[in-house]
Structure formats: structure tokens, C-alpha cells
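For reference, upload-v1.txt is printed below; it contains compact mmCIF, C-alpha atoms.
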# COMPACT_ATOMS: atom_id res chain seq x y z
CA GLY A 1 -54.09 -7.81 -59.92
CA GLY A 2 -53.45 -8.58 -56.23
CA GLU A 3 -54.84 -12.08 -56.43
CA GLU A 4 -52.60 -12.93 -59.42
CA GLU A 5 -49.48 -11.73 -57.57
CA LEU A 6 -50.50 -13.81 -54.54
CA ASP A 7 -50.99 -16.88 -56.76
CA ASN A 8 -47.60 -16.33 -58.44
CA PHE A 9 -45.95 -16.00 -55.04
CA ALA A 10 -47.56 -19.24 -53.86
CA ASP A 11 -46.44 -21.03 -57.03
CA ASP A 12 -42.86 -19.79 -56.58
CA ALA A 13 -42.84 -20.93 -52.96
CA GLU A 14 -44.11 -24.37 -53.95
CA ARG A 15 -41.53 -24.60 -56.70
CA LEU A 16 -38.70 -23.66 -54.38
CA ALA A 17 -39.90 -26.11 -51.76
CA ALA A 18 -40.05 -28.88 -54.36
CA VAL A 19 -36.55 -28.06 -55.59
CA LYS A 20 -35.23 -28.08 -52.03
CA ILE A 21 -36.90 -31.43 -51.30
CA GLN A 22 -35.49 -32.90 -54.50
CA ALA A 23 -32.02 -31.60 -53.67
CA ILE A 24 -32.19 -33.11 -50.19
CA ALA A 25 -33.34 -36.45 -51.63
CA ARG A 26 -30.63 -36.46 -54.29
CA GLY A 27 -27.99 -35.58 -51.76
CA ARG A 28 -29.14 -38.41 -49.52
CA GLN A 29 -29.07 -40.83 -52.48
CA THR A 30 -25.59 -39.64 -53.51
CA ARG A 31 -24.21 -40.08 -49.99
CA HIS A 32 -25.88 -43.48 -49.77
CA ILE A 33 -24.23 -44.57 -53.06
CA LEU A 34 -20.80 -43.28 -51.99
CA SER A 35 -20.97 -44.98 -48.61
CA ASN A 36 -22.24 -48.38 -49.87
CA ASN A 37 -20.17 -48.77 -53.08
CA SER A 38 -16.60 -48.58 -54.22
CA LEU A 39 -15.39 -45.73 -56.39
CA LYS A 40 -15.71 -47.77 -59.57
CA GLY A 41 -19.18 -49.03 -58.66
CA ALA A 42 -20.39 -45.57 -57.71
CA ARG A 43 -18.98 -44.21 -60.97
CA THR A 44 -20.98 -46.79 -62.98
CA ILE A 45 -24.18 -46.01 -61.06
CA PHE A 46 -23.78 -42.26 -61.62
CA ALA A 47 -23.14 -42.84 -65.34
CA GLU A 48 -26.29 -44.91 -65.69
CA ARG A 49 -28.38 -42.37 -63.80
CA GLN A 50 -27.00 -39.50 -65.90
CA ALA A 51 -27.76 -41.43 -69.08
CA MET A 52 -31.31 -42.15 -67.96
CA ARG A 53 -31.83 -38.46 -67.14
CA ASP A 54 -30.43 -37.26 -70.47
CA ARG A 55 -32.33 -39.59 -72.79
CA GLN A 56 -35.01 -41.06 -70.58
CA MET A 57 -33.70 -44.60 -71.20
CA ASP A 58 -32.36 -47.43 -69.10
CA ALA A 59 -28.78 -48.73 -68.98
CA SER A 60 -29.39 -51.42 -71.72
CA GLN A 61 -30.58 -48.79 -74.20
CA LEU A 62 -27.54 -46.68 -73.38
CA ALA A 63 -25.20 -49.55 -74.41
CA ARG A 64 -27.00 -50.07 -77.79
CA THR A 65 -27.50 -46.48 -78.92
CA SER A 66 -24.29 -44.84 -77.83
CA LYS A 67 -21.83 -43.87 -80.50
CA PRO A 68 -18.22 -45.06 -80.31
CA GLY A 69 -16.40 -42.99 -77.68
CA GLU A 70 -19.59 -41.29 -76.44
CA GLN A 71 -20.04 -43.77 -73.56
CA ASP A 72 -16.40 -43.27 -72.44
CA GLY A 73 -16.94 -39.50 -72.39
CA ARG A 74 -19.99 -39.86 -70.23
CA VAL A 75 -18.13 -42.22 -67.90
CA ALA A 76 -15.32 -39.67 -67.57
CA GLN A 77 -17.88 -36.93 -66.91
CA ALA A 78 -19.50 -39.11 -64.28
CA ASP A 79 -16.06 -39.72 -62.75
CA ARG A 80 -15.43 -35.99 -62.56
CA GLU A 81 -18.82 -35.38 -60.98
CA VAL A 82 -18.20 -38.12 -58.45
CA MET A 83 -14.79 -36.69 -57.58
CA GLU A 84 -16.19 -33.17 -57.25
CA ALA A 85 -19.03 -34.42 -55.05
CA ALA A 86 -16.57 -36.39 -52.95
CA GLU A 87 -14.27 -33.33 -52.66
CA LYS A 88 -17.17 -31.11 -51.59
CA TYR A 89 -18.26 -33.71 -49.07
CA LYS A 90 -14.70 -33.96 -47.74
CA LYS A 91 -14.39 -30.18 -47.46
CA LYS A 92 -17.70 -29.97 -45.66
CA ALA A 93 -16.67 -32.79 -43.30
CA ASP A 94 -13.32 -31.08 -42.66
CA MET A 95 -15.09 -27.81 -41.92
CA ASP A 96 -17.45 -29.57 -39.52
CA GLU A 97 -14.53 -31.27 -37.79
CA GLU A 98 -12.65 -27.98 -37.56
CA ARG A 99 -15.66 -26.22 -36.06
CA ALA A 100 -16.11 -29.10 -33.60
CA ALA A 101 -12.41 -28.95 -32.66
CA VAL A 102 -12.59 -25.16 -32.15
CA SER A 103 -15.69 -25.58 -30.01
CA MET A 104 -14.03 -28.27 -27.90
CA GLN A 105 -10.89 -26.15 -27.51
CA SER A 106 -12.92 -23.12 -26.44
CA LEU A 107 -14.83 -25.25 -23.92
CA TYR A 108 -11.60 -26.66 -22.49
CA ARG A 109 -9.93 -23.25 -22.33
CA GLY A 110 -12.94 -21.84 -20.53
CA PHE A 111 -12.87 -24.72 -18.06
CA ARG A 112 -9.10 -24.31 -17.56
CA ASP A 113 -9.34 -20.54 -17.04
CA ARG A 114 -12.23 -20.89 -14.59
CA LYS A 115 -10.25 -23.53 -12.66
CA GLN A 116 -7.18 -21.27 -12.50
CA VAL A 117 -9.26 -18.30 -11.33
CA ARG A 118 -10.94 -20.47 -8.69
CA ALA A 119 -7.53 -21.75 -7.49
CA VAL A 120 -6.14 -18.20 -7.24
CA ARG A 121 -9.23 -17.05 -5.32
CA GLU A 122 -9.04 -20.03 -2.94
CA ASN A 123 -5.30 -19.43 -2.35
CA ALA A 124 -5.95 -15.77 -1.58
CA GLU A 125 -8.77 -16.67 0.81
CA GLU A 126 -6.57 -19.33 2.49
CA THR A 127 -3.71 -16.83 2.86
CA ALA A 128 -6.03 -14.23 4.38
CA ARG A 129 -7.53 -16.83 6.72
CA ASN A 130 -4.08 -18.03 7.84
CA ARG A 131 -2.95 -14.44 8.40
CA THR A 132 -6.03 -13.74 10.51
CA GLU A 133 -5.54 -16.92 12.55
CA HIS A 134 -1.85 -16.09 13.05
CA GLU A 135 -2.69 -12.58 14.24
CA GLN A 136 -5.35 -13.93 16.59
CA LEU A 137 -2.88 -16.49 17.97
CA ASN A 138 -0.22 -13.82 18.52
CA ASN A 139 -2.75 -11.55 20.22
CA ALA A 140 -3.84 -14.43 22.46
CA LYS A 141 -0.21 -15.21 23.36
CA LYS A 142 0.48 -11.55 24.11
CA ALA A 143 -2.64 -11.31 26.26
CA GLU A 144 -1.68 -14.51 28.09
CA ALA A 145 1.86 -13.25 28.69
CA ALA A 146 0.58 -9.90 29.94
CA LEU A 147 -1.88 -11.66 32.23
CA SER A 148 0.88 -13.91 33.57
CA ILE A 149 3.14 -10.93 34.26
CA GLN A 150 0.31 -9.05 35.95
CA SER A 151 -0.61 -12.05 38.09
CA GLN A 152 3.01 -12.51 39.15
CA PHE A 153 3.31 -8.83 40.01
CA HIS A 154 0.05 -8.88 41.94
CA GLY A 155 1.15 -12.01 43.80
CA TYR A 156 4.49 -10.45 44.64
CA SER A 157 2.82 -7.21 45.78
CA THR A 158 0.32 -9.13 47.91
CA ALA A 159 3.05 -11.26 49.51
CA LYS A 160 5.12 -8.17 50.22
CA GLN A 161 2.18 -6.34 51.79
CA ASN A 162 1.35 -9.37 53.92
CA TYR A 163 4.97 -9.65 55.05
CA LEU A 164 5.20 -5.97 55.88
CA GLY A 165 1.88 -6.15 57.74
CA VAL A 166 3.06 -9.09 59.80
CA SER A 167 6.33 -7.29 60.57
CA ARG A 168 4.50 -4.14 61.70
CA ARG A 169 2.16 -6.11 63.92
CA ALA A 170 5.10 -8.01 65.45
CA ASP A 171 6.94 -4.74 66.10
CA ALA A 172 3.83 -3.21 67.67
CA ALA A 173 3.35 -6.22 69.92
CA ALA A 174 6.99 -6.13 70.99
CA GLY A 175 6.70 -2.43 71.79
CA GLN A 176 3.63 -2.99 73.93
CA ARG A 177 5.41 -5.73 75.87
CA SER A 178 8.46 -3.62 76.57
CA ASN A 179 6.32 -0.65 77.69
CA LYS A 180 9.20 1.57 76.89
CA ALA A 181 8.79 5.10 75.66
CA PRO A 182 10.08 5.68 72.16
CA ALA A 183 13.44 7.30 71.97
CA ALA A 184 13.61 10.89 70.80
CA PRO A 185 14.74 11.23 67.21
CA SER A 186 18.40 12.07 66.90
CA SER A 187 19.63 14.66 64.54
CA LYS A 188 22.67 12.53 63.74
CA LYS A 189 22.38 9.96 60.95
CA THR A 190 22.57 6.42 62.32
CA ALA A 191 25.15 4.17 60.76
CA THR A 192 24.00 1.17 58.76
CA PRO A 193 24.52 -2.02 60.79
CA THR A 194 27.22 -4.35 59.54
CA LEU A 195 27.96 -8.02 59.94
CA VAL A 196 31.23 -9.59 61.06
CA ASP A 197 34.30 -8.21 59.35
CA LYS A 198 36.50 -10.92 57.78
CA LYS A 199 39.34 -8.92 56.28
CA ALA A 200 41.98 -10.62 58.39
CA ILE A 201 42.48 -13.42 55.87
CA MET A 202 42.80 -11.03 52.91
CA ASP A 203 46.04 -9.77 51.42
CA GLU A 204 46.59 -6.08 50.76
CA ARG A 205 45.36 -6.24 47.17
CA GLN A 206 42.20 -8.05 48.18
CA LYS A 207 41.63 -5.56 50.99
CA ASP A 208 41.82 -2.67 48.52
CA ALA A 209 39.37 -4.46 46.23
CA CYS A 210 37.12 -5.16 49.24
CA VAL A 211 37.06 -1.43 50.00
CA VAL A 212 35.83 -0.84 46.43
CA VAL A 213 33.05 -3.40 46.89
CA GLU A 214 32.08 -1.87 50.25
CA GLY A 215 31.92 1.55 48.65
CA ILE A 216 29.47 0.15 46.11
CA THR A 217 27.26 -1.65 48.65
CA ASN A 218 27.13 1.22 51.14
CA ASN A 219 24.57 2.95 48.95
CA TRP A 220 22.40 -0.16 48.73
CA ALA A 221 19.51 -1.20 50.96
CA SER A 222 19.88 1.06 53.99
CA SER A 223 17.55 -1.18 56.06
CA TYR A 224 19.83 -4.19 55.62
CA ALA A 225 22.99 -5.06 57.54
CA ARG A 226 25.83 -6.08 55.28
CA ALA A 227 29.34 -7.53 55.26
CA VAL A 228 31.81 -8.26 52.48
CA GLU A 229 34.05 -11.31 52.54
CA LEU A 230 35.98 -13.47 50.12
CA GLN A 231 34.24 -16.17 48.16
CA GLY A 232 35.16 -19.74 48.93
CA GLY A 233 38.66 -20.58 47.71
CA ALA A 234 39.59 -16.97 46.91
CA GLU A 235 41.87 -16.78 49.98
CA VAL A 236 44.00 -19.50 48.35
CA SER A 237 43.76 -18.50 44.68
CA ARG A 238 44.03 -14.78 45.60
CA GLU A 239 41.27 -13.96 43.14
CA LEU A 240 39.34 -10.74 43.56
CA LYS A 241 36.01 -12.50 44.12
CA PHE A 242 33.84 -11.40 47.01
CA VAL A 243 30.41 -12.10 48.44
CA ALA A 244 28.30 -9.42 50.09
CA LEU A 245 25.97 -10.74 52.83
CA PHE A 246 22.73 -8.84 53.45
CA SER A 247 20.45 -9.40 56.42
CA LYS A 248 17.49 -7.34 57.64
CA PRO A 249 17.81 -7.00 61.45
CA SER A 250 14.83 -6.95 63.78
CA LYS A 251 14.28 -6.26 67.48
CA GLU A 252 14.43 -9.96 68.20
CA GLU A 253 17.46 -10.77 66.02
CA THR A 254 20.32 -8.48 65.13
CA ILE A 255 21.39 -10.81 62.35
CA ALA A 256 18.06 -12.11 61.06
CA TRP A 257 17.50 -15.05 58.77
CA PRO A 258 17.46 -15.30 55.82
CA ILE A 259 20.72 -13.86 54.51
CA VAL A 260 20.92 -12.75 50.87
CA ARG A 261 24.24 -13.22 49.05
CA VAL A 262 25.47 -11.01 46.23
CA PHE A 263 28.61 -12.24 44.43
CA PHE A 264 31.11 -9.66 43.16
CA THR A 265 34.00 -9.93 40.73
CA VAL A 266 36.57 -7.13 40.67
CA PRO A 267 38.92 -6.75 37.68
CA ASP A 268 42.67 -6.94 38.25
CA ASP A 269 43.21 -3.38 36.99
CA PHE A 270 40.75 -1.80 39.44
CA ASN A 271 43.52 0.44 40.86
CA THR A 272 44.32 2.01 37.48
CA ASN A 273 40.76 2.63 36.26
CA LEU A 274 38.74 5.54 37.53
CA LEU A 275 35.55 3.50 37.20
CA PRO A 276 36.44 -0.21 37.36
CA ARG A 277 34.05 -2.65 35.70
CA VAL A 278 32.88 -4.49 38.80
CA THR A 279 30.20 -7.11 38.10
CA TYR A 280 27.80 -8.74 40.53
CA GLN A 281 25.17 -11.48 40.60
CA ILE A 282 22.36 -11.92 43.14
CA GLU A 283 22.15 -15.45 44.61
CA ALA A 284 21.61 -18.05 41.86
CA GLU A 285 20.13 -15.67 39.31
CA LYS A 286 21.56 -15.81 35.80
CA MET A 287 21.53 -12.03 35.34
CA ILE A 288 24.98 -10.41 35.73
CA TYR A 289 25.07 -6.66 36.43
CA ASP A 290 27.88 -4.23 35.68
CA VAL A 291 28.26 -1.20 37.95
CA ALA A 292 29.77 0.72 35.05
CA THR A 293 26.33 0.76 33.38
CA ASP A 294 23.29 2.77 34.43
CA PHE A 295 21.24 -0.37 34.97
CA GLY A 296 23.91 -1.97 37.13
CA ARG A 297 24.25 1.14 39.30
CA CYS A 298 20.49 1.35 39.92
CA PHE A 299 20.38 -1.38 42.56
CA LYS A 300 16.96 -1.75 44.22
CA GLU A 301 16.27 -2.92 47.73
CA SER A 302 13.20 -4.71 46.43
CA TRP A 303 15.53 -7.23 44.76
CA LEU A 304 16.75 -8.31 48.20
CA ASP A 305 13.17 -8.29 49.56
CA ARG A 306 12.12 -10.66 46.79
CA VAL A 307 14.87 -13.15 47.64
CA VAL A 308 14.03 -12.93 51.37
CA MET A 309 10.34 -13.64 50.73
CA ASP A 310 11.19 -16.55 48.43
CA LYS A 311 13.38 -18.13 51.10
CA ARG A 312 10.72 -17.63 53.79
CA ALA A 313 8.13 -19.24 51.52
CA ILE A 314 10.41 -22.21 50.89
CA ARG A 315 11.01 -22.65 54.63
CA ALA A 316 7.25 -22.51 55.28
CA ASP A 317 6.63 -25.17 52.62
CA MET A 318 9.32 -27.39 54.10
CA ALA A 319 7.81 -26.97 57.58
CA LEU A 320 4.42 -28.09 56.26
CA LEU A 321 5.99 -31.12 54.62
CA HIS A 322 7.70 -32.13 57.88
CA LYS A 323 4.42 -31.79 59.78
CA LYS A 324 2.75 -34.16 57.36
Go ahead and express the file in the form of C-alpha cells.
Amino acid sequence: GGEEELDNFADDAERLAAVKIQAIARGRQTRHILSNNSLKGARTIFAERQAMRDRQMDASQLARTSKPGEQDGRVAQADREVMEAAEKYKKKADMDEERAAVSMQSLYRGFRDRKQVRAVRENAEETARNRTEHEQLNNAKKAEAALSIQSQFHGYSTAKQNYLGVSRRADAAAGQRSNKAPAAPSSKKTATPTLVDKKAIMDERQKDACVVVEGITNNWASSYARAVELQGGAEVSRELKFVALFSKPSKEETIAWPIVRVFFTVPDDFNTNLLPRVTYQIEAEKMIYDVATDFGRCFKESWLDRVVMDKRAIRADMALLHKK
């Protein structure tokens, strides 16, 4: 019983394989006929082949034995079969083209999406890299600025210490030469030295304004001698513009070089205001101070020391140039 079933299965497989081979061959022949002949010629060939399959005869026998109208019916049937085969072939070709188009579209969309994602990722990386470089550049600039400020401060401190050391050594040498005993300290407060008074050329209003300026400068730089006079041309224009002259006296010179100038401007209504807005400017600096503000009232003697050291340095440089 098992051997018979196996034989039947083998016969069925052979039969199916033969049918499939025949179908493939017939399909190839049909496509060959459709591609190499016109519609009328293909219709005639299919009619002859159908007639030969039905009656096992050739085309000449078909013309002699056919009844009237029978040949036309077979031709019409062959036409229908040709049209159906052509329609099926067209549908299959359209389906293949549609699948190919869908595949191409999916490939392009995938390529486009991957390109967009890559561009977004590269833009994000570029933005992060630029931000990092900008932060590093700002940090470098800040560090450079801080280093410059520190170097300037250290240079100023060193120059000041050197100047003060030279002054102390000069004072000590002068004291040894004089061989005089130091005077006993007095309980009375010594008055701050002053320069030449030039109020004679001022009018009464300018004198009152000058008193205001002197009241401001009396609390400044106790180690400096000072004098207040009119700025150039103010004695003619009667403007309330003054210049305060500061000089640090020494044992050798009562009025020592260099002299630091501070330019004052007094408002016209200084008599009516309890706290007049007097402004001042040190030498050629661009900064203008107002005594009505906390910053303007906090005058520091070190500002005068800085100008003195700058002038001494300039004179030393000029002396070296003349020697050369």
C-alpha cells in the first residue's frame, strides 16, 4: 500500500512539472507571437493553432472542412483570446511597473531622510563646536585681560615701592649729613604746606568759589602742598574754572617737581546750593569726577602719586634719549 501511494505521488509530481513546463513554453510562444506580429497576424496564427489543436489538422484542412460561419466564429474566439492575453500581459506589466516605481520611491525617500538626518546632526555638531570655541575664546580673552591688569598693578606697585625706597634712603642720607637730632614731636597738628596764593586777580565771586574748591582740596593728600588759582583765561571771562596745584615737598625742595594739576569747574549757583555739583579732572585724564557723588568724594592720594611717577619716568626717558 505504501509503495503504491509513493508511485502515485511521483506520477502527480511529474504531471504537474510537465504541465508547468508546457505552460511556460506556451507563454513564451504567445509573447513571441505578440511581439513579432501585428494584431491581425497574431490573430490568424492563434486561430490556426486553435484549429490544429481541436481537430488535429493543419490550416489547409481547416479551410476545406469548416462549415459556413464556423471559421468566422473561431476567428472571433481567437481574437477574444488574444485580447484577453494582451490585457493580462498589460495588467501584469503595469503591476510590475507600479512595484518598481514604489521601490524606487521608497529608496529615494530613504536616501532623502538619511541625508536630512545627517544634515541636522552635522548642524548640531557644528553649533556645539562653535559654541565651545566661542567660550574658549572668551575665557582666553578674560584671562589675558586679567593678566594684563595684574601685570600693570604689579608694575605700578613695584615702581611705587622703588620710589618710596629711594626717597627713604635719600632722607636718611640727608639726616646723616646734617647730624642734627630729630625734633621732639609736637602735640599740635602741623598745617599742610601751601603754594603761592594768587587770589589777587580774582573778583569777589571767584574768590568765594575758590574758597569752596580749597575746602574740597584741604581733605586731600595731606603730604602734598597745594594752591588753587584760576585757569588760563578765566580772569578775563570771569568763569568759575580753577586749577589746584599739588606738589610733594622734600628737605631739598619746598616746592618739588613734578607738580600735579587738578582742574575744577564750579557751577554758577554754588552759593544757593547746600552741596554744589563741583566737578574735577586730574591732568589730561578723560575721567570727570563729581564731588556730589560718593566716588567723586573719595579722592585718593595714590592718584597723585601715579601722575608723579609717570612724569618722573618720562623725564628719565628723555634724559636717556639726550645722552644718546
**Q.** Atomic separation - atom CA of Arg112 of chain A relative to atom CA of Arg131 of chain A, Å
**A.** 28.4 Å
Q) Around (20.7, -13.2, 39.9) in the file's frame, which residues reach within 10 Å when counting all atoms listed in the file? Return as a PyMOL selection string? A) chain A and resi 261-263+280-289+303+307
Q) What does the distance from atom CA of Arg306 of chain A to atom CA of Arg226 of chain A come to in Å, to one decimal? A) 16.8 Å
Q: Pick out the closest residue to Phe242 of chain A from this set: A:Ala85, A:Leu321, A:Ala209, A:Ala146. Count only C-alpha atoms.
A: A:Ala209
Q. Which residue out of A:Gln231, A:Thr30, A:Asn219, A:Gln22 has the minimum interatomic distance to Thr265 of chain A when all atoms listed in the file are used?
A.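 Comparing A:Gln231, A:Thr30, A:Asn219, A:Gln22 against Thr265 of chain A, the winner is A:Gln231.
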Q: Compare A:Gly215, A:Leu304, A:Glu229, A:Lys141 by their minimum atom-to-atom distance to Phe246 of chain A, counting only C-alpha atoms, and give me the closest one.
A: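 Using only C-alpha atoms, Phe246 of chain A sits closest to A:Leu304.
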Provide an axis-aligned box for all listed atoms of segment 137-141 of chain A, padding each side by 4 Å; report its centre and its edge lengths in Å to one decimal, as JSON.
{"center_x": -2.0, "center_y": -14.0, "center_z": 20.7, "size_x": 11.6, "size_y": 12.9, "size_z": 13.4}
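From atom CA of Asn123 of chain A back to atom CA of Gln105 of chain A, the distance works out to 26.6 Å.
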Q: Please provide the set of residues having any atom within 10 Å of Asp208 of chain A, restricted to only C-alpha atoms, with same-chain residues fewer than 6 positions apart removed, written as a PyMOL selection string.
A: chain A and resi 202+214+240+270-271
